[in-house]
Structures are given as structure tokens and as C-alpha cells.
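To start, the structure under review is shown below, and the notes come after it.
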Amino acid sequence: MPQFATVEAYHDSLPAAQQDLLGKLLPLIDAEFPGTGAVWHGHPVWSLGAKPGQSPVCFVKAYAGHVSFGFWQGQALTDPSGRLTAGAREMASVKLREVADLDSALFAGWLRQARELAGRP
């Protein structure tokens, strides 16, 4: 697995379609968690602790056919769309295959909820 020093390096390593998708998604995440994105275990994670992975809140991970956008406490989020899929423990994520799958208002709402769940107003 390649190692990336920054979220930007991770973004730049992806195929063009996934770069486009992340180009729309990353600003939404950074609006709620400015300056907290780091690469942890090979993919971007946004945390509220002093070190990457300390109090993780959300992540982005690219696969061959999609990009997963998920939350450590995702099962506690209110999701009127029904798009979040439960994962291990309390996690939940959504699979994004193209830019059209990105719903800025919905995702910004999830991010605000995730920040509140993590104890940051």
C-alpha cells in the first residue's frame, strides 16, 4: 500500500474521476473540520485529537470502483436519505461512484452532526 504524506498527495494519486469527486467532497469536510485532515493507515481521516487518528470523526477511502465516505459514529447520525450503510461497531459510510452521488447539503448535515457527537460545537 502506498504511503502518502498529505491529504493532497492522496487526492493527487487517484484516477481523474475520483479526483473530481474528492475535489467536491474535501471542501465540505474541511469546512467542518478545518486543518484536521491527515493520512492515517493509508487514507485521509479527520480527527479532533492532537495526532492523526486520535478521536477520529470521518474518513475518505478510494477503492477501484468507488470512494467510501464514512464516520466513526455514523450509526448515531440522523440520515433521512437512508444512504448511510452501517459498518463495524458504530461506523457507517456511503459509497460514491461519481460526482452526481455527492449531495452537498446532506453531507454537510452529517458532518455537523458528527462534530456535535464528537463534543465540538
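By order of appearance in the C-alpha cells: chains A, B, ..., then residues from 1 within every chain, and ligands from 1 in the order shown.
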request  = Based on DSSP run over this structure's backbone, return all residues of chain A in strand (DSSP E), as an MDAnalysis selection string.
outcome  = chainID A and resid 37:40 43:47 56:62 67:71 85:86 92:96
For N, CA, C and O atoms, I'd like the residues from the last selection saved as a tab-separated table (two decimals), in the first residue's frame.
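Everything below was put into selection-v7.tsv:
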```tsv
chain	number	residue	atom	x	y	z
A	37	GLY	N	-7.38	17.29	8.78
A	37	GLY	CA	-7.21	16.15	7.90
A	37	GLY	C	-5.78	15.67	7.86
A	37	GLY	O	-4.84	16.46	7.82
A	38	ALA	N	-5.61	14.35	7.92
A	38	ALA	CA	-4.29	13.73	7.85
A	38	ALA	C	-4.45	12.33	7.27
A	38	ALA	O	-5.54	11.77	7.29
A	39	VAL	N	-3.37	11.80	6.74
A	39	VAL	CA	-3.40	10.43	6.25
A	39	VAL	C	-3.06	9.51	7.41
A	39	VAL	O	-2.04	9.68	8.08
A	40	TRP	N	-3.96	8.57	7.67
A	40	TRP	CA	-3.81	7.61	8.77
A	40	TRP	C	-4.16	6.24	8.22
A	40	TRP	O	-5.23	6.07	7.62
A	43	HIS	N	-5.12	6.36	4.28
A	43	HIS	CA	-6.17	7.16	3.66
A	43	HIS	C	-6.51	8.36	4.56
A	43	HIS	O	-6.20	8.35	5.75
A	44	PRO	N	-7.15	9.39	4.00
A	44	PRO	CA	-7.46	10.59	4.77
A	44	PRO	C	-8.48	10.35	5.89
A	44	PRO	O	-9.50	9.68	5.70
A	45	VAL	N	-8.16	10.92	7.05
A	45	VAL	CA	-9.00	10.85	8.24
A	45	VAL	C	-9.01	12.24	8.87
A	45	VAL	O	-7.98	12.91	8.92
A	46	TRP	N	-10.17	12.64	9.36
A	46	TRP	CA	-10.29	13.90	10.08
A	46	TRP	C	-10.58	13.56	11.54
A	46	TRP	O	-11.52	12.82	11.84
A	47	SER	N	-9.75	14.09	12.43
A	47	SER	CA	-9.81	13.77	13.85
A	47	SER	C	-9.87	15.05	14.68
A	47	SER	O	-9.49	16.12	14.21
A	56	PRO	N	-10.86	10.04	16.00
A	56	PRO	CA	-11.25	10.15	14.59
A	56	PRO	C	-12.75	10.39	14.44
A	56	PRO	O	-13.55	9.87	15.22
A	57	VAL	N	-13.10	11.17	13.43
A	57	VAL	CA	-14.50	11.52	13.20
A	57	VAL	C	-14.99	10.98	11.85
A	57	VAL	O	-16.02	10.33	11.77
A	58	CYS	N	-14.25	11.27	10.78
A	58	CYS	CA	-14.69	10.83	9.45
A	58	CYS	C	-13.49	10.47	8.59
A	58	CYS	O	-12.35	10.80	8.93
A	59	PHE	N	-13.76	9.79	7.49
A	59	PHE	CA	-12.69	9.33	6.59
A	59	PHE	C	-13.17	9.30	5.15
A	59	PHE	O	-14.37	9.30	4.88
A	60	VAL	N	-12.20	9.24	4.27
A	60	VAL	CA	-12.42	9.04	2.84
A	60	VAL	C	-11.45	7.94	2.42
A	60	VAL	O	-10.27	8.00	2.78
A	61	LYS	N	-11.93	6.95	1.69
A	61	LYS	CA	-11.05	5.89	1.22
A	61	LYS	C	-11.47	5.47	-0.18
A	61	LYS	O	-12.63	5.13	-0.42
A	62	ALA	N	-10.51	5.53	-1.11
A	62	ALA	CA	-10.78	5.19	-2.51
A	62	ALA	C	-10.57	3.70	-2.75
A	62	ALA	O	-9.60	3.11	-2.25
A	67	VAL	N	-15.58	5.53	-3.95
A	67	VAL	CA	-14.93	6.18	-2.82
A	67	VAL	C	-15.87	6.04	-1.64
A	67	VAL	O	-17.07	6.36	-1.76
A	68	SER	N	-15.37	5.56	-0.52
A	68	SER	CA	-16.18	5.49	0.70
A	68	SER	C	-15.97	6.76	1.50
A	68	SER	O	-14.84	7.22	1.69
A	69	PHE	N	-17.05	7.34	1.96
A	69	PHE	CA	-17.05	8.49	2.86
A	69	PHE	C	-17.79	8.04	4.10
A	69	PHE	O	-18.95	7.64	4.03
A	70	GLY	N	-17.09	8.02	5.24
A	70	GLY	CA	-17.71	7.44	6.41
A	70	GLY	C	-17.38	8.15	7.70
A	70	GLY	O	-16.56	9.06	7.75
A	71	PHE	N	-18.04	7.67	8.75
A	71	PHE	CA	-17.98	8.27	10.08
A	71	PHE	C	-17.80	7.20	11.15
A	71	PHE	O	-18.45	6.16	11.10
A	85	THR	N	-24.70	3.32	5.22
A	85	THR	CA	-24.74	1.88	5.45
A	85	THR	C	-23.94	1.58	6.71
A	85	THR	O	-22.78	2.01	6.83
A	86	ALA	N	-24.55	0.87	7.64
A	86	ALA	CA	-23.88	0.53	8.90
A	86	ALA	C	-22.67	-0.35	8.63
A	86	ALA	O	-22.68	-1.21	7.74
A	92	ALA	N	-20.48	4.01	10.01
A	92	ALA	CA	-21.38	3.97	8.86
A	92	ALA	C	-20.72	4.77	7.73
A	92	ALA	O	-19.95	5.69	7.99
A	93	SER	N	-21.06	4.39	6.49
A	93	SER	CA	-20.45	5.08	5.35
A	93	SER	C	-21.39	5.05	4.16
A	93	SER	O	-22.40	4.34	4.14
A	94	VAL	N	-21.01	5.82	3.16
A	94	VAL	CA	-21.73	5.86	1.90
A	94	VAL	C	-20.71	5.64	0.78
A	94	VAL	O	-19.57	6.10	0.88
A	95	LYS	N	-21.11	4.91	-0.25
A	95	LYS	CA	-20.25	4.69	-1.42
A	95	LYS	C	-20.60	5.71	-2.49
A	95	LYS	O	-21.76	5.86	-2.87
A	96	LEU	N	-19.56	6.37	-2.99
A	96	LEU	CA	-19.72	7.38	-4.03
A	96	LEU	C	-19.01	6.90	-5.28
A	96	LEU	O	-17.82	6.59	-5.24
```
key: Shell of 9 Å around segment 18-27 of chain A, only C-alpha atoms, local chain residues under 5 positions omitted, as a ChimeraX atom specification   = /A:11-13,32,60,62,66-67,69,96-102,104,107
request  = Would you work out the distance separating atom CA of Leu48 of chain A from atom CA of Gly82 of chain A, expressed in Å to one decimal?
outcome  =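 Separating atom CA of Leu48 of chain A from atom CA of Gly82 of chain A is a distance of 26.3 Å.
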task = Can you list, as an NGL selection string, all residues belonging to chain A that DSSP tags as helix (DSSP H, G or I)?
result = :A and (7-13 or 16-32 or 74-76 or 99-101 or 104-117)
query = Could you name the residues that touch Gln75 of chain A at 6 Å or less, counting only C-alpha atoms, but leaving out those on the same chain fewer than 2 positions away, as number ranges by chain?
reply = A: 73, 77, 90-92
task = Could you tell me which of A:Phe4, A:Tyr10, A:Gly49, A:Gly74 comes closest to Phe33 of chain A if we count only C-alpha atoms?
result =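 For Phe33 of chain A, the nearest of the given residues is A:Gly49.
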task = To one decimal in Å, tell me the separation between atom CA of Ala31 of chain A and atom CA of Leu111 of chain A.
result =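 About the pair atom CA of Ala31 of chain A and atom CA of Leu111 of chain A: they are 9.1 Å apart.
Rounded to one decimal, atom CA of Trp110 of chain A and atom CA of Thr78 of chain A lie 7.5 Å from each other.
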query = Looking at only C-alpha atoms, which of A:Ala64, A:Ala118, A:Leu106, A:Val7 is the one that sits closest to Arg83 of chain A?
reply =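 Distance minimum relative to Arg83 of chain A lands on A:Leu106.
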